[in-house]
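As provided, protein_1.tsv (TSV, C-alpha atoms) reads as follows.
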chain	number	residue	atom	x	y	z
N	172	MET	CA	-10.60	19.72	10.49
N	173	ASN	CA	-10.73	17.15	7.71
N	174	THR	CA	-7.41	16.00	6.29
N	175	PHE	CA	-6.61	13.94	3.20
N	176	PHE	CA	-3.53	11.95	2.33
N	177	ALA	CA	-2.96	9.74	-0.71
N	178	ASN	CA	0.12	7.73	-1.67
N	179	THR	CA	1.35	7.33	-5.21
N	180	LEU	CA	0.26	3.88	-6.32
N	181	VAL	CA	3.13	1.86	-7.81
N	182	THR	CA	2.19	-1.71	-8.78
N	183	PRO	CA	4.69	-4.27	-10.13
N	184	LEU	CA	3.05	-3.95	-13.54
N	185	GLY	CA	3.26	-0.18	-13.34
N	186	GLU	CA	6.96	-0.34	-12.53
N	187	LEU	CA	7.71	-2.81	-15.34
N	188	ARG	CA	5.50	-1.09	-17.91
N	189	PRO	CA	8.16	1.30	-19.33
N	190	VAL	CA	10.64	-1.56	-19.73
N	191	MET	CA	8.01	-3.70	-21.43
N	192	ARG	CA	7.17	-0.91	-23.85
N	193	LEU	CA	10.82	-0.27	-24.73
N	194	VAL	CA	11.64	-3.95	-25.22
N	195	GLY	CA	8.44	-4.55	-27.20
N	196	VAL	CA	8.99	-1.63	-29.57
N	197	CYS	CA	12.65	-2.56	-30.11
N	198	THR	CA	11.68	-6.18	-30.81
N	199	PHE	CA	8.99	-5.03	-33.23
N	200	VAL	CA	11.45	-2.81	-35.13
N	201	ALA	CA	14.11	-5.54	-35.25
N	202	VAL	CA	11.73	-8.30	-36.37
N	203	THR	CA	10.02	-6.15	-39.00
N	204	ALA	CA	13.30	-4.81	-40.38
N	205	HIS	CA	14.82	-8.29	-40.67
N	206	ALA	CA	11.67	-9.61	-42.37
N	207	VAL	CA	11.74	-6.80	-44.96
N	208	LEU	CA	15.48	-7.17	-45.58
N	209	ALA	CA	15.08	-10.92	-46.06
N	210	LEU	CA	12.28	-10.45	-48.58
N	211	PRO	CA	14.49	-10.19	-51.74
N	212	ALA	CA	15.97	-13.63	-51.01
N	213	LYS	CA	12.53	-15.25	-50.99
N	214	PRO	CA	11.07	-16.87	-54.10
N	215	TRP	CA	7.80	-15.01	-53.61
N	216	ARG	CA	6.87	-11.34	-53.38
N	217	LEU	CA	4.02	-9.43	-51.79
N	218	THR	CA	1.42	-8.44	-54.34
N	219	PRO	CA	0.33	-4.79	-54.48
N	220	GLU	CA	-2.99	-5.83	-52.96
N	221	GLU	CA	-1.19	-7.43	-49.98
N	222	VAL	CA	1.16	-4.55	-49.17
N	223	GLY	CA	-1.59	-2.33	-47.72
N	224	PRO	CA	-3.20	-4.89	-45.37
N	225	TRP	CA	0.24	-6.14	-44.30
N	226	ALA	CA	1.47	-2.64	-43.46
N	227	LEU	CA	-1.80	-1.84	-41.65
N	228	SER	CA	-1.52	-5.03	-39.60
N	229	LEU	CA	2.01	-4.16	-38.47
N	230	ALA	CA	1.12	-0.53	-37.77
N	231	GLY	CA	-1.93	-1.67	-35.81
N	232	PHE	CA	0.20	-4.08	-33.78
N	233	LEU	CA	2.62	-1.28	-32.89
N	234	LEU	CA	-0.16	1.13	-31.91
N	235	VAL	CA	-1.95	-1.45	-29.78
N	236	LEU	CA	1.36	-2.41	-28.14
N	237	VAL	CA	2.03	1.21	-27.17
N	238	TRP	CA	-1.55	1.56	-25.93
N	239	ALA	CA	-1.45	-1.68	-23.94
N	240	THR	CA	1.73	-0.55	-22.17
N	241	SER	CA	0.44	2.95	-21.41
N	242	ARG	CA	-0.15	4.24	-17.90
N	243	ARG	CA	-3.93	3.98	-18.15
N	244	VAL	CA	-3.89	0.26	-18.89
N	245	ASP	CA	-1.81	-1.21	-16.09
N	246	ARG	CA	-4.16	-3.23	-13.92
N	247	ARG	CA	-3.20	-6.90	-13.78
N	248	GLY	CA	-5.85	-9.13	-15.35
N	249	SER	CA	-8.30	-6.35	-16.30
N	250	PRO	CA	-10.56	-7.24	-19.28
N	251	TRP	CA	-9.61	-4.06	-21.14
N	252	SER	CA	-5.87	-4.80	-21.05
N	253	LEU	CA	-6.45	-8.44	-22.02
N	254	GLY	CA	-8.53	-7.31	-24.97
N	255	LEU	CA	-5.60	-5.25	-26.23
N	256	ILE	CA	-3.34	-8.29	-25.97
N	257	VAL	CA	-5.90	-10.36	-27.93
N	258	ALA	CA	-5.78	-7.68	-30.62
N	259	GLN	CA	-1.97	-7.89	-30.73
N	260	THR	CA	-2.10	-11.67	-31.17
N	261	GLY	CA	-4.63	-11.36	-33.99
N	262	LEU	CA	-2.67	-8.61	-35.78
N	263	ALA	CA	0.62	-10.50	-35.44
N	264	LEU	CA	-0.86	-13.69	-36.91
N	265	THR	CA	-2.62	-11.71	-39.67
N	266	ALA	CA	0.59	-9.93	-40.69
N	267	ASN	CA	2.42	-13.25	-40.65
N	268	HIS	CA	-0.24	-14.90	-42.79
N	269	ILE	CA	-0.16	-12.09	-45.38
N	270	PHE	CA	3.64	-12.35	-45.40
N	271	ASN	CA	3.33	-16.05	-46.32
N	272	GLY	CA	4.26	-17.41	-42.89
N	273	ASN	CA	7.52	-15.57	-42.39
N	274	SER	CA	9.46	-17.11	-39.50
N	275	LEU	CA	10.95	-13.79	-38.40
N	276	LEU	CA	7.55	-12.12	-38.00
N	277	SER	CA	6.60	-14.96	-35.67
N	278	GLY	CA	8.85	-13.22	-33.15
N	279	LEU	CA	6.06	-10.68	-32.53
N	280	LEU	CA	4.33	-13.37	-30.49
N	281	LEU	CA	7.24	-13.21	-28.02
N	282	VAL	CA	6.25	-9.62	-27.24
N	283	VAL	CA	2.68	-10.79	-26.60
N	284	ALA	CA	3.87	-13.66	-24.42
N	285	ALA	CA	5.93	-11.31	-22.25
N	286	GLN	CA	2.87	-9.06	-21.69
N	287	VAL	CA	0.74	-12.08	-20.83
N	288	GLY	CA	3.38	-13.17	-18.29
N	289	LEU	CA	3.17	-9.77	-16.63
N	290	ARG	CA	-0.62	-9.60	-16.47
N	291	LEU	CA	-1.85	-13.16	-15.84
N	292	ALA	CA	-1.17	-15.91	-13.36
N	293	LEU	CA	1.17	-18.62	-14.61
N	294	PRO	CA	-1.50	-21.26	-15.52
N	295	LEU	CA	-3.53	-18.73	-17.52
N	296	ALA	CA	-0.40	-17.38	-19.19
N	297	LEU	CA	0.62	-20.88	-20.26
N	298	GLY	CA	-2.86	-21.51	-21.65
N	299	TRP	CA	-2.72	-18.24	-23.58
N	300	VAL	CA	0.68	-19.11	-25.07
N	301	THR	CA	-0.59	-22.56	-26.07
N	302	VAL	CA	-3.58	-21.10	-27.92
N	303	GLN	CA	-1.58	-18.50	-29.83
N	304	THR	CA	1.06	-21.12	-30.67
N	305	LEU	CA	-1.68	-23.25	-32.22
N	306	GLY	CA	-2.65	-20.20	-34.27
N	307	LEU	CA	0.95	-19.78	-35.38
N	308	GLY	CA	1.10	-23.47	-36.29
N	309	ALA	CA	-2.02	-23.09	-38.44
N	310	VAL	CA	-0.47	-20.14	-40.30
N	311	LEU	CA	2.83	-21.93	-40.92
N	312	LEU	CA	1.14	-25.16	-41.99
N	313	TYR	CA	-0.91	-23.17	-44.51
N	314	HIS	CA	2.24	-21.85	-46.21
N	315	TRP	CA	4.93	-24.41	-45.36
N	316	PRO	CA	5.39	-28.16	-45.59
N	317	PRO	CA	4.57	-29.89	-42.27
N	318	LEU	CA	8.18	-30.98	-41.73
N	319	ASP	CA	9.24	-27.32	-41.79
N	320	ALA	CA	6.22	-25.87	-39.97
N	321	TRP	CA	6.25	-28.06	-36.88
N	322	PRO	CA	9.90	-27.44	-35.84
N	323	TYR	CA	9.43	-23.68	-36.09
N	324	THR	CA	6.12	-23.87	-34.20
N	325	THR	CA	7.55	-25.89	-31.31
N	326	GLY	CA	10.66	-23.72	-31.27
N	327	TYR	CA	8.62	-20.55	-30.90
N	328	LEU	CA	6.59	-22.27	-28.20
N	329	CYS	CA	9.81	-22.70	-26.19
N	330	PHE	CA	10.76	-19.06	-26.77
N	331	GLN	CA	7.32	-17.92	-25.61
N	332	LEU	CA	7.53	-20.07	-22.49
N	333	PHE	CA	10.88	-18.46	-21.74
N	334	ALA	CA	9.34	-14.99	-22.19
N	335	VAL	CA	6.47	-15.86	-19.84
N	336	GLY	CA	8.83	-17.27	-17.23
N	337	SER	CA	11.08	-14.20	-17.39
N	338	ALA	CA	8.09	-11.87	-16.99
N	339	GLN	CA	6.79	-13.86	-14.03
N	340	LEU	CA	10.20	-13.71	-12.36
N	341	ALA	CA	10.36	-9.95	-12.93
N	342	VAL	CA	6.94	-9.47	-11.29
N	343	ARG	CA	7.97	-11.60	-8.30
N	344	GLU	CA	11.24	-9.69	-7.92
N	345	VAL	CA	9.44	-6.34	-7.92
N	346	ARG	CA	6.88	-7.59	-5.40
N	347	ALA	CA	9.58	-9.01	-3.14
N	348	ARG	CA	11.52	-5.75	-3.29
N	349	GLN	CA	8.39	-3.73	-2.53
N	350	ARG	CA	7.51	-6.00	0.40
N	351	LEU	CA	11.05	-5.67	1.73
N	352	ALA	CA	10.89	-1.89	1.37
N	353	GLN	CA	7.56	-1.89	3.20
N	354	VAL	CA	8.93	-4.04	6.02
N	355	VAL	CA	11.96	-1.78	6.37
N	356	ALA	CA	9.73	1.31	6.42
N	357	GLU	CA	7.46	-0.31	9.01
N	358	LEU	CA	10.46	-1.23	11.17
N	359	ARG	CA	11.77	2.32	10.99
N	360	GLU	CA	8.35	3.70	11.83
N	361	THR	CA	7.96	1.22	14.67
N	362	ARG	CA	11.34	2.24	16.07
N	363	THR	CA	10.28	5.89	15.87
N	364	LEU	CA	7.00	5.10	17.61
N	365	LEU	CA	8.75	3.11	20.33
N	366	ASN	CA	11.22	5.93	20.95
N	367	GLU	CA	8.38	8.43	21.10
N	368	ALA	CA	6.38	6.14	23.40
N	369	SER	CA	9.40	5.79	25.67
N	370	ARG	CA	9.85	9.56	25.84
N	371	ASN	CA	6.14	10.05	26.49
N	372	ALA	CA	6.19	7.44	29.26
N	373	GLU	CA	9.15	9.21	30.86
N	374	ARG	CA	7.36	12.56	30.67
N	375	LEU	CA	4.25	11.06	32.25
N	376	HIS	CA	6.37	9.48	34.97
N	377	ILE	CA	8.00	12.81	35.76
N	378	ALA	CA	4.61	14.56	35.71
N	379	ARG	CA	3.13	12.02	38.13
N	380	GLU	CA	6.12	12.29	40.46
N	381	LEU	CA	5.93	16.09	40.46
N	382	HIS	CA	2.22	16.00	41.13
N	383	ASP	CA	2.27	13.27	43.78
N	384	LEU	CA	5.41	14.28	45.69
N	385	LEU	CA	6.09	17.98	45.27
N	386	GLY	CA	2.43	18.88	44.92
N	387	HIS	CA	1.50	16.96	48.07
N	388	HIS	CA	4.34	18.37	50.16
N	389	LEU	CA	3.81	21.94	48.94
N	390	THR	CA	0.11	21.71	49.76
N	391	ALA	CA	0.94	20.41	53.24
N	392	LEU	CA	3.55	23.18	53.68
N	393	ASN	CA	1.05	25.84	52.70
N	394	MET	CA	-1.54	24.52	55.17
N	395	ASN	CA	1.02	24.43	58.01
N	396	LEU	CA	2.13	27.96	57.23
N	397	GLU	CA	-1.47	29.13	57.38
N	398	VAL	CA	-2.02	27.42	60.75
N	399	THR	CA	1.23	28.88	62.08
N	400	ALA	CA	0.22	32.38	60.97
N	401	HIS	CA	-2.88	32.13	63.18
N	402	LEU	CA	-0.87	30.88	66.19
N	403	VAL	CA	2.00	33.38	66.10
N	404	PRO	CA	1.07	36.66	67.87
N	405	ASP	CA	4.07	38.68	66.63
N	406	PRO	CA	2.95	40.88	63.67
N	407	ALA	CA	6.45	40.90	62.15
N	408	ALA	CA	6.63	37.12	62.25
N	409	ARG	CA	3.14	36.86	60.75
N	410	LEU	CA	4.23	39.17	57.93
N	411	HIS	CA	7.11	36.85	57.03
N	412	LEU	CA	4.83	33.84	57.32
N	413	GLY	CA	2.40	35.50	54.87
N	414	ARG	CA	5.24	36.01	52.39
N	415	ALA	CA	6.25	32.39	52.81
N	416	GLN	CA	2.65	31.35	52.13
N	417	THR	CA	2.65	33.43	48.94
N	418	VAL	CA	5.88	31.84	47.75
N	419	ALA	CA	4.53	28.35	48.56
N	420	ARG	CA	1.31	29.03	46.62
N	421	GLN	CA	3.29	30.34	43.64
N	422	LEU	CA	5.57	27.32	43.75
N	423	LEU	CA	2.54	25.00	43.89
N	424	GLY	CA	1.07	26.78	40.87
N	425	ASP	CA	4.36	26.43	38.97
N	426	VAL	CA	4.46	22.71	39.73
N	427	ARG	CA	0.89	22.24	38.49
N	428	GLU	CA	1.69	24.20	35.32
N	429	ALA	CA	4.79	22.07	34.71
N	430	VAL	CA	2.76	18.89	35.23
N	431	SER	CA	0.10	20.06	32.77
N	432	SER	CA	2.77	20.95	30.22
N	433	LEU	CA	4.47	17.57	30.55
N	434	ARG	CA	1.17	15.71	30.22
N	435	GLY	CA	0.24	17.78	27.16
N	436	THR	CA	3.60	17.07	25.52
N	437	ALA	CA	3.24	13.37	26.24
N	438	GLN	CA	0.04	13.21	24.18
N	439	GLY	CA	2.13	13.45	20.98
N	440	ASP	CA	1.00	14.24	17.44
N	441	PHE	CA	-1.42	11.39	16.78
N	442	GLN	CA	-2.53	12.61	13.35
N	443	GLY	CA	1.07	13.10	12.28
N	444	GLU	CA	1.96	9.58	13.41
N	445	VAL	CA	-0.96	8.12	11.43
N	446	ALA	CA	0.14	10.06	8.33
N	447	ARG	CA	3.70	8.74	8.73
N	448	LEU	CA	2.36	5.20	8.95
N	449	ALA	CA	0.37	5.76	5.75
N	450	ARG	CA	3.49	6.91	3.94
N	451	THR	CA	5.19	3.58	4.68
N	452	THR	CA	2.75	1.78	2.33
N	453	PRO	CA	3.79	2.80	-1.19
N	454	ALA	CA	1.76	0.06	-2.92
N	455	LEU	CA	-1.53	1.44	-1.56
N	456	ALA	CA	-3.38	4.74	-1.88
N	457	VAL	CA	-4.29	5.75	1.68
N	458	HIS	CA	-7.01	8.33	2.34
N	459	LEU	CA	-7.14	9.80	5.86
N	460	GLN	CA	-10.01	11.74	7.36
N	461	PHE	CA	-10.37	13.16	10.89
N	462	SER	CA	-13.62	14.64	12.17
N	463	ASP	CA	-13.67	18.27	13.25
N	464	ASP	CA	-14.08	17.37	16.93
N	465	PHE	CA	-11.38	14.68	16.92
N	466	SER	CA	-8.78	15.15	19.64
N	467	ALA	CA	-5.60	13.28	20.41
N	468	PRO	CA	-6.27	10.23	22.61
N	469	GLY	CA	-4.30	9.37	25.72
N	470	PRO	CA	-0.87	7.78	25.28
N	471	LEU	CA	-2.12	4.24	25.84
N	472	GLN	CA	-5.13	4.58	23.54
N	473	ALA	CA	-2.94	6.29	20.92
N	474	HIS	CA	-0.46	3.44	21.02
N	475	VAL	CA	-3.22	0.84	20.54
N	476	LEU	CA	-4.87	2.80	17.71
N	477	LEU	CA	-1.55	3.26	15.91
N	478	ARG	CA	-0.91	-0.47	16.09
N	479	CYS	CA	-4.39	-1.09	14.67
N	480	VAL	CA	-3.70	1.29	11.78
N	481	GLN	CA	-0.40	-0.45	11.09
N	482	GLU	CA	-2.03	-3.88	11.09
N	483	VAL	CA	-4.86	-2.71	8.80
N	484	LEU	CA	-2.42	-1.33	6.23
N	485	THR	CA	-0.27	-4.47	6.34
N	486	ASN	CA	-3.24	-6.84	5.95
N	487	THR	CA	-4.73	-4.75	3.14
N	488	VAL	CA	-1.51	-4.95	1.12
N	489	ARG	CA	-0.92	-8.65	1.74
N	490	HIS	CA	-4.39	-10.16	1.54
N	491	ALA	CA	-7.04	-7.77	0.21
N	492	HIS	CA	-5.61	-7.19	-3.31
N	493	ALA	CA	-6.81	-3.60	-2.92
N	494	ARG	CA	-5.59	-0.42	-4.54
N	495	GLN	CA	-7.09	2.08	-2.07
N	496	VAL	CA	-7.99	2.18	1.61
N	497	TRP	CA	-9.97	4.79	3.53
N	498	LEU	CA	-9.22	5.47	7.23
N	499	THR	CA	-11.71	7.62	9.14
N	500	PHE	CA	-11.33	8.83	12.75
N	501	THR	CA	-14.28	10.28	14.68
N	502	ARG	CA	-15.12	11.10	18.30
N	503	THR	CA	-18.23	10.46	20.37
N	504	PRO	CA	-18.85	11.68	23.93
N	505	ASP	CA	-17.32	8.49	25.35
N	506	HIS	CA	-15.28	6.86	22.57
N	507	LEU	CA	-12.84	7.39	19.75
N	508	ASP	CA	-13.95	5.47	16.65
N	509	PHE	CA	-11.75	4.29	13.79
N	510	GLN	CA	-13.17	2.88	10.55
N	511	ALA	CA	-11.17	1.30	7.70
N	512	SER	CA	-12.51	0.16	4.32
N	513	ASP	CA	-10.80	-0.88	1.09
N	514	ASP	CA	-11.67	-1.62	-2.53
N	515	GLY	CA	-10.26	-5.17	-2.49
N	516	ARG	CA	-11.92	-8.43	-3.39
N	517	GLY	CA	-13.52	-8.96	0.03
N	518	THR	CA	-14.79	-12.25	1.45
N	519	ARG	CA	-17.83	-13.78	3.10
N	520	HIS	CA	-15.93	-16.05	5.46
N	521	LEU	CA	-13.24	-14.13	7.28
N	522	HIS	CA	-10.68	-16.12	9.26
N	523	SER	CA	-9.03	-14.24	12.11
N	524	GLY	CA	-5.28	-14.76	11.89
N	525	CYS	CA	-2.58	-13.59	14.23
N	526	GLY	CA	-2.97	-9.99	13.06
N	527	LEU	CA	-6.69	-9.62	13.78
N	528	SER	CA	-6.43	-11.66	16.97
N	529	GLY	CA	-3.60	-9.48	18.24
N	530	MET	CA	-5.54	-6.34	17.32
N	531	ARG	CA	-8.61	-7.58	19.21
N	532	GLU	CA	-6.50	-8.42	22.28
N	533	ARG	CA	-4.89	-4.97	22.29
N	534	LEU	CA	-8.27	-3.28	22.06
N	535	GLU	CA	-9.81	-5.40	24.80
N	536	SER	CA	-6.88	-4.48	27.08
N	537	VAL	CA	-8.03	-0.84	27.01
N	538	GLY	CA	-11.77	-1.62	26.96
N	539	GLY	CA	-12.11	-1.27	23.19
N	540	ALA	CA	-13.92	-3.39	20.60
N	541	LEU	CA	-13.32	-4.62	17.06
N	542	ARG	CA	-15.84	-5.55	14.35
N	543	VAL	CA	-15.02	-6.72	10.80
N	544	GLU	CA	-17.50	-7.00	7.93
N	545	GLY	CA	-16.74	-9.02	4.80
N	546	ARG	CA	-18.25	-7.76	1.58
N	547	PRO	CA	-17.50	-10.04	-1.41
N	548	GLY	CA	-16.37	-7.95	-4.35
N	549	GLN	CA	-16.50	-4.74	-2.28
N	550	GLY	CA	-13.56	-5.11	0.09
N	551	LEU	CA	-13.55	-5.33	3.87
N	552	ALA	CA	-14.84	-2.87	6.46
N	553	LEU	CA	-13.27	-2.72	9.92
N	554	PHE	CA	-14.69	-0.81	12.89
N	555	VAL	CA	-12.68	0.00	16.02
N	556	SER	CA	-13.95	1.72	19.17
N	557	VAL	CA	-11.69	2.87	22.02
N	558	PRO	CA	-13.02	4.47	25.26
N	559	LEU	CA	-11.72	7.91	26.19
N	560	THR	CA	-11.20	6.79	29.80
N	561	LEU	CA	-9.35	3.60	30.58
N	562	PRO	CA	-10.96	0.85	32.67
N	563	VAL	CA	-9.61	0.45	36.19
N	564	SER	CA	-7.80	-2.77	35.29
N	565	GLY	CA	-6.79	-1.69	31.77
N	566	GLY	CA	-3.26	-2.06	30.56
N	567	ALA	CA	-1.38	-2.49	27.31
N	568	ARG	CA	-0.39	-5.92	26.24

Please express the file's structure as structure tokens.
Amino acid sequence: MNTFFANTLVTPLGELRPVMRLVGVCTFVAVTAHAVLALPAKPWRLTPEEVGPWALSLAGFLLVLVWATSRRVDRRGSPWSLGLIVAQTGLALTANHIFNGNSLLSGLLLVVAAQVGLRLALPLALGWVTVQTLGLGAVLLYHWPPLDAWPYTTGYLCFQLFAVGSAQLAVREVRARQRLAQVVAELRETRTLLNEASRNAERLHIARELHDLLGHHLTALNMNLEVTAHLVPDPAARLHLGRAQTVARQLLGDVREAVSSLRGTAQGDFQGEVARLARTTPALAVHLQFSDDFSAPGPLQAHVLLRCVQEVLTNTVRHAHARQVWLTFTRTPDHLDFQASDDGRGTRHLHSGCGLSGMRERLESVGGALRVEGRPGQGLALFVSVPLTLPVSGGAR
């Protein structure tokens, strides 16, 4: 039976988006209101021909700001979101130019700088702020004397740098908190898996002891009773020996049933454990699929496969820059196969770190194999194969 599981994707930008929208709109309202209220004290006025374009520029800035901070436009560094920020910069400078280089309206660039800090790496964000500050300087120099224009331009450059730095710190704090939450969830899940593995090992130990000790002795007892029944001539004694044989056979059957039940319980809910591992990765959409003929592997193979799943999810979040990962489990006559693929950036030259090396060692300990394919721009593909029967010398590391 095919199953599907997907996490809710929460990126740092997605978490900070509502705050950015609220702060941006409030800043827009405050800056615009102060600029309008300060207008009567100015020696110049807007002409009737300038009122319409000025109002349209401000309205356009507000609409683009709301659009740029919407849920659909939240991917860091995407061309579409950057285009909206370019539009905001252009509209802010246009409105400021029509308003004869008003210093208060220059504060709209702080809203743009904060968005740039959220969406771009620090060097690119600094370059962006430098370019739009040069645009602001050109507007102010057109309307103001140079001795007035340059101090305001450099001052707003400092304010924009502060906005970029604050946004970068916010993104890092959200990422650190999400990584910590993921580590805590993984530790909890690992503790649950270890407890379950310990209980399963104890059940298997009890099942082996019942089978090897009680089963052996009951079988020997039954054989001796049968031999004795042929040697004893007394019919009454043979009747009691027959009843004893029946009880011994029933007891042997009960022991075998108990052993089978304990072994079945020790297999555990493999699909449920994989789903619980997927839920510990909130920053990634995880899609699970099990083939119709997939069956729970043995305890040792299950433990190794679960560790592989955990390592795949951790590496995907930390290194792949992916938003989604697909985990597929299938069965062949001799093997259980596990395939993982993501939509990250991929690579041509993959370097095996401690995670992949440890995964390969675990798989080799049970006779399994690992293969990784790098696909630049298309993510990574990982293929795992685990035999259904353990090798004679196999053991978990």

- Tell me which of N:Ala493, N:Ala419, N:Leu305, N:Ala341 sits closest to Thr325 of chain N, counting only C-alpha atoms. N:Leu305

- Task: Could you tell me which of N:Val555, N:Leu365, N:Ala334, N:Leu279 comes closest to Leu297 of chain N if we count all atoms listed in the file?
- Result: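 When distances to Leu297 of chain N are compared using all atoms listed in the file, the smallest one comes from N:Ala334.
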
- Message: Using all atoms listed in the file, can you tell me which of N:Leu423, N:Arg478, N:Pro316, N:Gly278 comes closest to Ala204 of chain N?
- Response: N:Gly278

- Fewer than 6 positions away in the same chain doesn't count, so skip those; otherwise give me all residues within 10 Å of Arg343 of chain N, counting all atoms listed in the file, as a ChimeraX atom specification. /N:183,289,337,349

- Any idea what the distance is between atom CA of Val237 of chain N and atom CA of Arg516 of chain N?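 Distance reported for this atom pair: 29.2 Å.
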
- Query: Near Ala415 of chain N, within 12 Å and counting all atoms listed in the file, which residues show up once chain neighbours fewer than 3 positions away are dropped, as a PyMOL selection string?
  - Reply: chain N and resi 389+392-397+399-400+408-412+418-422

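Closest approach to Leu264 of chain N among N:Val335, N:Leu187, N:Leu229, N:Val483 is made by N:Leu229 (distances from only C-alpha atoms).
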
- Task: Find the distance between atom CA of Leu217 of chain N and atom CA of Thr324 of chain N and write it in Å to one decimal.
- Result: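 Here the two named atoms are 22.9 Å from each other.
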
- Query: Between N:Gln286, N:Thr518, N:Thr499, N:Ser466, which has the minimum distance to Leu559 of chain N (counting all atoms listed in the file)?
  - Reply: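 Comparing N:Gln286, N:Thr518, N:Thr499, N:Ser466 against Leu559 of chain N, the winner is N:Ser466.
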
- Could you give me, as a count of residues only, the residues that have an atom at most 10 Å away from the point (2.7, -10.3, -37.1) in the coordinates of the file, using all atoms listed in the file? 32

- Message: As an exercise, work out the distance from atom CA of Gln353 of chain N to atom CA of Thr451 of chain N in Å and give it to one decimal place.
- Response: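 It comes out at 6.1 Å.
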
- N:Pro322, N:Ile256, N:Ser528, N:Arg192 ranked by distance to Gly308 of chain N, top pick (using all atoms listed in the file):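 Smallest separation from Gly308 of chain N among the options: N:Pro322.
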
- Query: Do you know which residues are at most 9 Å from Gln495 of chain N counting only C-alpha atoms, after dropping those on the same chain fewer than 2 positions away, and could you put them as a list of chain:residue names?
  - Reply: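 Near Gln495 of chain N, the qualifying residues are N:Ala177, N:Leu180, N:Leu455, N:Ala456, N:Val457, N:His458, N:Thr487, N:Ala493, N:Trp497, N:Ser512, N:Asp513, N:Asp514, N:Gly515.
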
Just C-alpha atoms for this one: save the residues we selected as a short mmCIF file (atom, residue, chain, number, x, y, z; two decimals), keeping the file's coordinate frame.
data_model
loop_
_atom_site.label_atom_id
_atom_site.label_comp_id
_atom_site.auth_asym_id
_atom_site.auth_seq_id
_atom_site.Cartn_x
_atom_site.Cartn_y
_atom_site.Cartn_z
CA ALA N 177 -2.96 9.74 -0.71
CA LEU N 180 0.26 3.88 -6.32
CA LEU N 455 -1.53 1.44 -1.56
CA ALA N 456 -3.38 4.74 -1.88
CA VAL N 457 -4.29 5.75 1.68
CA HIS N 458 -7.01 8.33 2.34
CA THR N 487 -4.73 -4.75 3.14
CA ALA N 493 -6.81 -3.60 -2.92
CA TRP N 497 -9.97 4.79 3.53
CA SER N 512 -12.51 0.16 4.32
CA ASP N 513 -10.80 -0.88 1.09
CA ASP N 514 -11.67 -1.62 -2.53
CA GLY N 515 -10.26 -5.17 -2.49
#
